[in-house]
Amino acid sequence: MSRDALRPPARAPHAAVPPRLSDTVRIEPAADGGHWLVSVDGVPVSRASSTVAATLSAMDGAAAVDDLRRRFAPDQEPEAFAALVERFRRAGLLEGAPRRPAGRVTYRPPLTIQLATLRAPFLFDRLHRLLRPLLRRWLVWPLAAIVVLGGVALLWQAETAARALTSPLPLADLGLVAAVMIAATLAHEAAHGLTLSHAGARPRRAGVMLLYLGPAFFVDVTDAWRLPSRASRVAVALAGPAVHAVLGGAAALGALAVPDSDLRRALLVVACTCGTVVVVNLVPFVRFDGYLALMSALDEPRLRARTMGDAADALRRVLFGGPAGPRSFPRRWSVPFGVLSALVPTVIVGFAVERAVRALAGTGPVGAFLVLALQSFVVVAVGVRVARWLAACWRRGAGRFRFVLLAALLTAAALGAAASVPVDDVRTTGFVVADDRVLLVSTDDSPAPLAVADGSPVDLSTSGILSAHVATGTAWATAPRLRAVPLSAFSPLEVSGVDVDAVVIGAVDVAESSELPVAGRASLRLGSRSALEAAWTTHVVEPASVLLSFLSPPDTDTKETRR
């Protein structure tokens with residue numbers, strides 16, 4: 001007989017303690033008559049079956065876990081039922097693990113911080129009274145027509161839209177786009193709350209938040225679980241994306257009609273931005289509106305958390321062995337959905353961090369500080385979740401020796417691969433066209449200007465919201481000298497008459513004849529280096545050196561000599 005067979009079955013923490021339902025929990029029939037609504041401090045947290053509701057109601061602090069299993073789930077294994085009770089405890093439904101109600105400031109892992117007003121019920125009640133005469137079912141059809149016709153109009157103007165997105169925006173256009181998008185985001189969230197109020201429930205909280213490193217508004221529509229109709233709950237979730245879809249369609253149609261080229265460009269940027277917001281919002285693997293709509297359509301609360309738990313348990317069994325835990329979501333696609341629910345936000349955060357690092361590169365000590373602070377926050381938030389998963393693997397794995405050995409091997413393999421896999425050593429800086437020459441420029445605040453190796457390939461691109469490749473050339477080093485350059489050499493913003501100080505660090509021989517913008521971004525290829533070295537240098541060494549140089553500035557005489 002193996003040693004694993006002799007090991008006693010794993011037991012969930014607190015399994016020996018008779019569970020007692022928290023005084024803050026209420027269990028009441030749902031409006032659809034087929035489920036029960038479980039709420040904490042008056043806030044719905046789950047829709048439960050009759051069996052689950054009866055099990056929770058029987059948790060009076062006197063009945064032992066095994067007695068409850070024999071009464072309500074006699075076919076379940078004792079370990080599986082104990083794990084279910086532990087999930088109730090972690091959800092704040094049982095005494096001993098109080099659930100802190102969401103307040104004015106709330107952190108929701110992994111990367112969401114909310115600042116809320118608690119007067120949302122009053123505000124949305126007033127808004128609903130004001131707009132109720134306009135909320136008619138027939139209004140859906142003309143709004144849908146605007147979305148469809150706007151999509152056709154945007155395709156018709158695709159070439160103009162591409163130029164608008166890949167060229168620096170004038171300050172007036174950027175201000176207009178920013179103002180419209182802020183108003184659209186506010187209307188997006190207001191639509192969630194207004195639809196919920198119109199359906200007979202009430203938003204509880206509203207405010208601003210930092211969501212996956214980006215600022216946004218939010219409205220807490222948890223009360224939608226009280227609605228009897230799945231269609232009503234789906235409508236609440238999709239009301240926000242519908243606002244952006246209608247606005248994007250209207251902007252694309254407006255761009256066809258206006259004669260002014262600057263206004264047309266701004267409207268096309270608004271239309272493209274709204275379309276992107278709609279597409280991203282409908283991704284079901286992140287806690288965006290598409291996920292809430294899917295969860296409501298399936299009538300399955302906490303879908304992401306449950307499927308990610310199933311995926312984490314499956315990965316734990318594959319890597320470290322141990323007994324299988326009970327499925328939180330008993331469907332065949334639970335584990336794949338959970339894997340994607342973990343990977344997609346990770347990719348989004350990684351992409352956001354990478355773009356932030358590139359955008360803030362060369363912007364001086366403030367940008368360097370923001371890069372380091374942002375990355376530190378992400379590492380801590382993700383590290384906490386990974387550490388919790390590893391702790392669960394340690395408790396429930398097949399053996400401690402296997403855990404330590406496999407963890408060491410996986411860590412060594414990951415570091416070895418990162419240290420040995422070569423990647424292109426690409427450094428991003430700016431370029432300007434002056435006196436029929438293409439000059440490479442770096443910000444004047446750089447502690448040590450980028451060293452240009454003679455003969456290095458360089459790719460030149462525009463510096464708009466998106467980058468478009470315009471030419472390829474060969475770089476040559478020049479003696480550093482100070483020069484005023486357009487702001488668009490380092491940002492997607494174009495301000496007439498406003499230049500920034502920069503250091504000329506090289507020149508470029510353009511390989512093909514093409515029309516170059518006055519300024520843009522240059523990607524200098526300096527050979528190759530390991531992926532580990534590239535990540536460490538780009539994300540840590542370079543911003544840290546800029547920050548340290550600012551805190552310990554060089555002698556004035558040295559800087560004047562360089563100029």
# chains A, B, ... in the order shown; residues from 1 in each chain; ligands from 1
$ residues_around --residues "region 335-352 of chain A" --least-positions-apart "4" --cutoff "9 Å" --atoms "only C-alpha atoms" --output "JSON list (two decimals) with C-alpha atoms, in the first residue's frame"
[["chain", "number", "residue", "atom", "x", "y", "z"],
["A", 111, "LEU", "CA", -6.72, 45.36, -9.31],
["A", 212, "TYR", "CA", -7.07, 47.26, -14.25],
["A", 213, "LEU", "CA", -4.86, 50.36, -14.06],
["A", 214, "GLY", "CA", -7.39, 52.62, -15.82],
["A", 284, "PRO", "CA", -16.82, 37.56, -20.90],
["A", 285, "PHE", "CA", -13.55, 36.57, -19.19],
["A", 286, "VAL", "CA", -13.11, 39.87, -17.32],
["A", 287, "ARG", "CA", -15.56, 41.40, -14.88],
["A", 303, "LEU", "CA", -19.28, 32.57, -12.31],
["A", 304, "ARG", "CA", -15.67, 33.76, -12.72],
["A", 305, "ALA", "CA", -14.69, 33.07, -9.10],
["A", 306, "ARG", "CA", -16.18, 29.58, -9.22],
["A", 307, "THR", "CA", -14.66, 28.59, -12.55],
["A", 308, "MET", "CA", -11.26, 30.03, -11.60],
["A", 309, "GLY", "CA", -11.46, 27.99, -8.42],
["A", 310, "ASP", "CA", -12.13, 24.86, -10.49],
["A", 311, "ALA", "CA", -9.23, 25.73, -12.82],
["A", 312, "ALA", "CA", -6.87, 26.35, -9.90],
["A", 314, "ALA", "CA", -7.32, 21.21, -11.68],
["A", 329, "PHE", "CA", -19.50, 25.02, -11.34],
["A", 331, "ARG", "CA", -20.25, 22.07, -16.33],
["A", 356, "ALA", "CA", 2.51, 52.64, -19.94],
["A", 357, "VAL", "CA", 6.23, 51.87, -19.78],
["A", 378, "VAL", "CA", 0.82, 45.00, -9.99],
["A", 382, "VAL", "CA", -0.69, 39.37, -8.42]]
$ closest_atom_pairs --of "region 162-203 of chain A" --to "region 513-532 of chain A" --cutoff "12 Å" --atoms "only C-alpha atoms" --output "tab-separated table"
residue	atom	partner	partner_atom	distance
A:Thr166	CA	A:Gly520	CA	10.4
A:Ser167	CA	A:Pro517	CA	8.8
A:Pro168	CA	A:Gly520	CA	8.7
$ write_last_selection --atoms "C-alpha atoms" --output "mmCIF file, in the first residue's frame"
data_model
loop_
_atom_site.group_PDB
_atom_site.id
_atom_site.type_symbol
_atom_site.label_atom_id
_atom_site.label_comp_id
_atom_site.auth_asym_id
_atom_site.auth_seq_id
_atom_site.Cartn_x
_atom_site.Cartn_y
_atom_site.Cartn_z
ATOM 1 C CA THR A 166 -2.078 57.190 -36.352
ATOM 2 C CA SER A 167 -1.356 60.940 -36.475
ATOM 3 C CA PRO A 168 -0.734 63.262 -33.502
#
$ residues_around --residues "region 474-476 of chain A" --least-positions-apart "6" --cutoff "7 Å" --atoms "only C-alpha atoms" --output "PyMOL selection string"
chain A and resi 452-458+506-510
$ write_last_selection --atoms "N, CA and C atoms" --output "PDB file, in the first residue's frame"
ATOM      1  N   VAL A 452      23.961  55.336 -29.622  1.00  0.00           N
ATOM      2  CA  VAL A 452      23.592  54.834 -30.941  1.00  0.00           C
ATOM      3  C   VAL A 452      24.801  54.154 -31.567  1.00  0.00           C
ATOM      4  N   ALA A 453      24.656  52.883 -31.917  1.00  0.00           N
ATOM      5  CA  ALA A 453      25.743  52.159 -32.591  1.00  0.00           C
ATOM      6  C   ALA A 453      25.630  52.382 -34.086  1.00  0.00           C
ATOM      7  N   ASP A 454      26.741  52.755 -34.712  1.00  0.00           N
ATOM      8  CA  ASP A 454      26.732  53.004 -36.156  1.00  0.00           C
ATOM      9  C   ASP A 454      26.247  51.780 -36.923  1.00  0.00           C
ATOM     10  N   GLY A 455      25.332  52.026 -37.859  1.00  0.00           N
ATOM     11  CA  GLY A 455      24.815  50.942 -38.693  1.00  0.00           C
ATOM     12  C   GLY A 455      23.631  50.212 -38.100  1.00  0.00           C
ATOM     13  N   SER A 456      23.114  50.665 -36.960  1.00  0.00           N
ATOM     14  CA  SER A 456      21.968  49.992 -36.336  1.00  0.00           C
ATOM     15  C   SER A 456      20.700  50.230 -37.146  1.00  0.00           C
ATOM     16  N   PRO A 457      19.893  49.188 -37.389  1.00  0.00           N
ATOM     17  CA  PRO A 457      18.606  49.388 -38.077  1.00  0.00           C
ATOM     18  C   PRO A 457      17.649  50.185 -37.186  1.00  0.00           C
ATOM     19  N   VAL A 458      16.833  51.014 -37.802  1.00  0.00           N
ATOM     20  CA  VAL A 458      15.865  51.804 -37.052  1.00  0.00           C
ATOM     21  C   VAL A 458      14.556  51.849 -37.829  1.00  0.00           C
ATOM     22  N   GLY A 506      21.768  61.120 -32.790  1.00  0.00           N
ATOM     23  CA  GLY A 506      22.141  60.400 -33.992  1.00  0.00           C
ATOM     24  C   GLY A 506      21.387  60.899 -35.201  1.00  0.00           C
ATOM     25  N   ALA A 507      21.722  60.338 -36.344  1.00  0.00           N
ATOM     26  CA  ALA A 507      21.035  60.647 -37.600  1.00  0.00           C
ATOM     27  C   ALA A 507      20.641  59.341 -38.263  1.00  0.00           C
ATOM     28  N   VAL A 508      19.682  59.414 -39.200  1.00  0.00           N
ATOM     29  CA  VAL A 508      19.153  58.221 -39.857  1.00  0.00           C
ATOM     30  C   VAL A 508      19.214  58.411 -41.367  1.00  0.00           C
ATOM     31  N   ASP A 509      19.771  57.418 -42.026  1.00  0.00           N
ATOM     32  CA  ASP A 509      19.680  57.345 -43.482  1.00  0.00           C
ATOM     33  C   ASP A 509      18.463  56.494 -43.821  1.00  0.00           C
ATOM     34  N   VAL A 510      17.443  57.109 -44.431  1.00  0.00           N
ATOM     35  CA  VAL A 510      16.196  56.398 -44.717  1.00  0.00           C
ATOM     36  C   VAL A 510      16.403  55.493 -45.918  1.00  0.00           C
TER      37      VAL A 510
END
$ select_by_dssp --residues "region 235-331 of chain A" --states "helix (DSSP H, G or I)" --output "ChimeraX atom specification"
/A:235-257,261-281,289-298,303-320
$ write_last_selection --atoms "C-alpha atoms" --output "tab-separated table (two decimals), in the first residue's frame"
chain	number	residue	atom	x	y	z
A	235	ALA	CA	-30.63	44.36	-20.07
A	236	VAL	CA	-29.11	46.02	-16.99
A	237	ALA	CA	-25.69	44.63	-17.91
A	238	LEU	CA	-25.87	45.61	-21.59
A	239	ALA	CA	-27.33	49.09	-21.09
A	240	GLY	CA	-23.86	50.59	-20.68
A	241	PRO	CA	-22.28	49.19	-23.87
A	242	ALA	CA	-25.43	50.24	-25.71
A	243	VAL	CA	-24.71	53.88	-24.82
A	244	HIS	CA	-21.21	53.69	-26.30
A	245	ALA	CA	-22.50	51.84	-29.37
A	246	VAL	CA	-25.13	54.52	-30.07
A	247	LEU	CA	-22.65	57.34	-29.48
A	248	GLY	CA	-20.06	55.70	-31.75
A	249	GLY	CA	-22.65	55.24	-34.50
A	250	ALA	CA	-23.81	58.84	-34.21
A	251	ALA	CA	-20.21	60.11	-34.32
A	252	ALA	CA	-19.45	58.08	-37.47
A	253	LEU	CA	-22.60	59.40	-39.17
A	254	GLY	CA	-21.73	62.94	-38.07
A	255	ALA	CA	-18.25	62.60	-39.57
A	256	LEU	CA	-19.88	61.96	-42.96
A	257	ALA	CA	-21.92	65.14	-42.72
A	261	SER	CA	-11.75	68.32	-41.54
A	262	ASP	CA	-10.59	68.88	-37.93
A	263	LEU	CA	-14.06	68.15	-36.53
A	264	ARG	CA	-14.37	65.13	-38.84
A	265	ARG	CA	-11.08	63.75	-37.49
A	266	ALA	CA	-12.21	64.19	-33.88
A	267	LEU	CA	-15.57	62.51	-34.58
A	268	LEU	CA	-13.86	59.54	-36.22
A	269	VAL	CA	-11.55	59.14	-33.22
A	270	VAL	CA	-14.63	59.21	-30.96
A	271	ALA	CA	-16.36	56.58	-33.14
A	272	CYS	CA	-13.33	54.25	-33.08
A	273	THR	CA	-12.83	54.71	-29.35
A	274	CYS	CA	-16.49	53.94	-28.63
A	275	GLY	CA	-16.30	50.83	-30.81
A	276	THR	CA	-13.24	49.65	-28.89
A	277	VAL	CA	-15.03	50.24	-25.57
A	278	VAL	CA	-17.99	48.14	-26.74
A	279	VAL	CA	-15.81	45.24	-27.92
A	280	VAL	CA	-13.69	45.21	-24.75
A	281	ASN	CA	-16.77	45.48	-22.52
A	289	ASP	CA	-20.47	44.05	-18.82
A	290	GLY	CA	-20.26	41.04	-21.13
A	291	TYR	CA	-19.42	38.81	-18.18
A	292	LEU	CA	-22.28	40.24	-16.12
A	293	ALA	CA	-24.66	39.63	-19.03
A	294	LEU	CA	-23.47	36.02	-19.37
A	295	MET	CA	-23.73	35.42	-15.64
A	296	SER	CA	-27.26	36.84	-15.62
A	297	ALA	CA	-28.33	34.85	-18.69
A	298	LEU	CA	-27.09	31.61	-17.09
A	303	LEU	CA	-19.28	32.57	-12.31
A	304	ARG	CA	-15.67	33.76	-12.72
A	305	ALA	CA	-14.69	33.07	-9.10
A	306	ARG	CA	-16.18	29.58	-9.22
A	307	THR	CA	-14.66	28.59	-12.55
A	308	MET	CA	-11.26	30.03	-11.60
A	309	GLY	CA	-11.46	27.99	-8.42
A	310	ASP	CA	-12.13	24.86	-10.49
A	311	ALA	CA	-9.23	25.73	-12.82
A	312	ALA	CA	-6.87	26.35	-9.90
A	313	ASP	CA	-7.86	23.02	-8.36
A	314	ALA	CA	-7.32	21.21	-11.68
A	315	LEU	CA	-3.88	22.80	-12.10
A	316	ARG	CA	-2.99	21.90	-8.52
A	317	ARG	CA	-3.90	18.25	-9.11
A	318	VAL	CA	-1.88	18.11	-12.36
A	319	LEU	CA	1.23	19.66	-10.81
A	320	PHE	CA	1.22	18.61	-7.19
$ select_by_dssp --residues "region 199-286 of chain A" --states "strand (DSSP E)" --output "MDAnalysis selection string"
chainID A and resid 206:211 214:219
$ write_last_selection --atoms "C-alpha atoms" --output "mmCIF file, in the first residue's frame"
data_model
loop_
_atom_site.group_PDB
_atom_site.id
_atom_site.type_symbol
_atom_site.label_atom_id
_atom_site.label_comp_id
_atom_site.auth_asym_id
_atom_site.auth_seq_id
_atom_site.Cartn_x
_atom_site.Cartn_y
_atom_site.Cartn_z
ATOM 1 C CA ALA A 206 -21.804 54.737 -7.450
ATOM 2 C CA GLY A 207 -18.520 56.544 -7.933
ATOM 3 C CA VAL A 208 -15.122 56.379 -9.577
ATOM 4 C CA MET A 209 -12.608 53.553 -9.561
ATOM 5 C CA LEU A 210 -9.228 52.401 -10.771
ATOM 6 C CA LEU A 211 -9.999 49.286 -12.842
ATOM 7 C CA GLY A 214 -7.388 52.621 -15.818
ATOM 8 C CA PRO A 215 -9.744 55.235 -14.298
ATOM 9 C CA ALA A 216 -13.464 54.649 -14.743
ATOM 10 C CA PHE A 217 -16.887 55.339 -13.255
ATOM 11 C CA PHE A 218 -18.998 52.565 -11.741
ATOM 12 C CA VAL A 219 -22.499 51.832 -10.456
#
$ atom_distance --atom1 "CA of His539 (chain A)" --atom2 "CA of Pro365 (chain A)"
14.1 Å
$ residues_around --residues "Ser50 (chain A)" --least-positions-apart "5" --cutoff "12 Å" --atoms "only C-alpha atoms" --output "list of chain:residue names"
A:Ile27, A:Glu28, A:Pro29, A:Ala30, A:Gly33, A:Gly34, A:His35, A:Trp36, A:Leu37, A:Val38, A:Thr55, A:Leu56, A:Ser57, A:Phe72
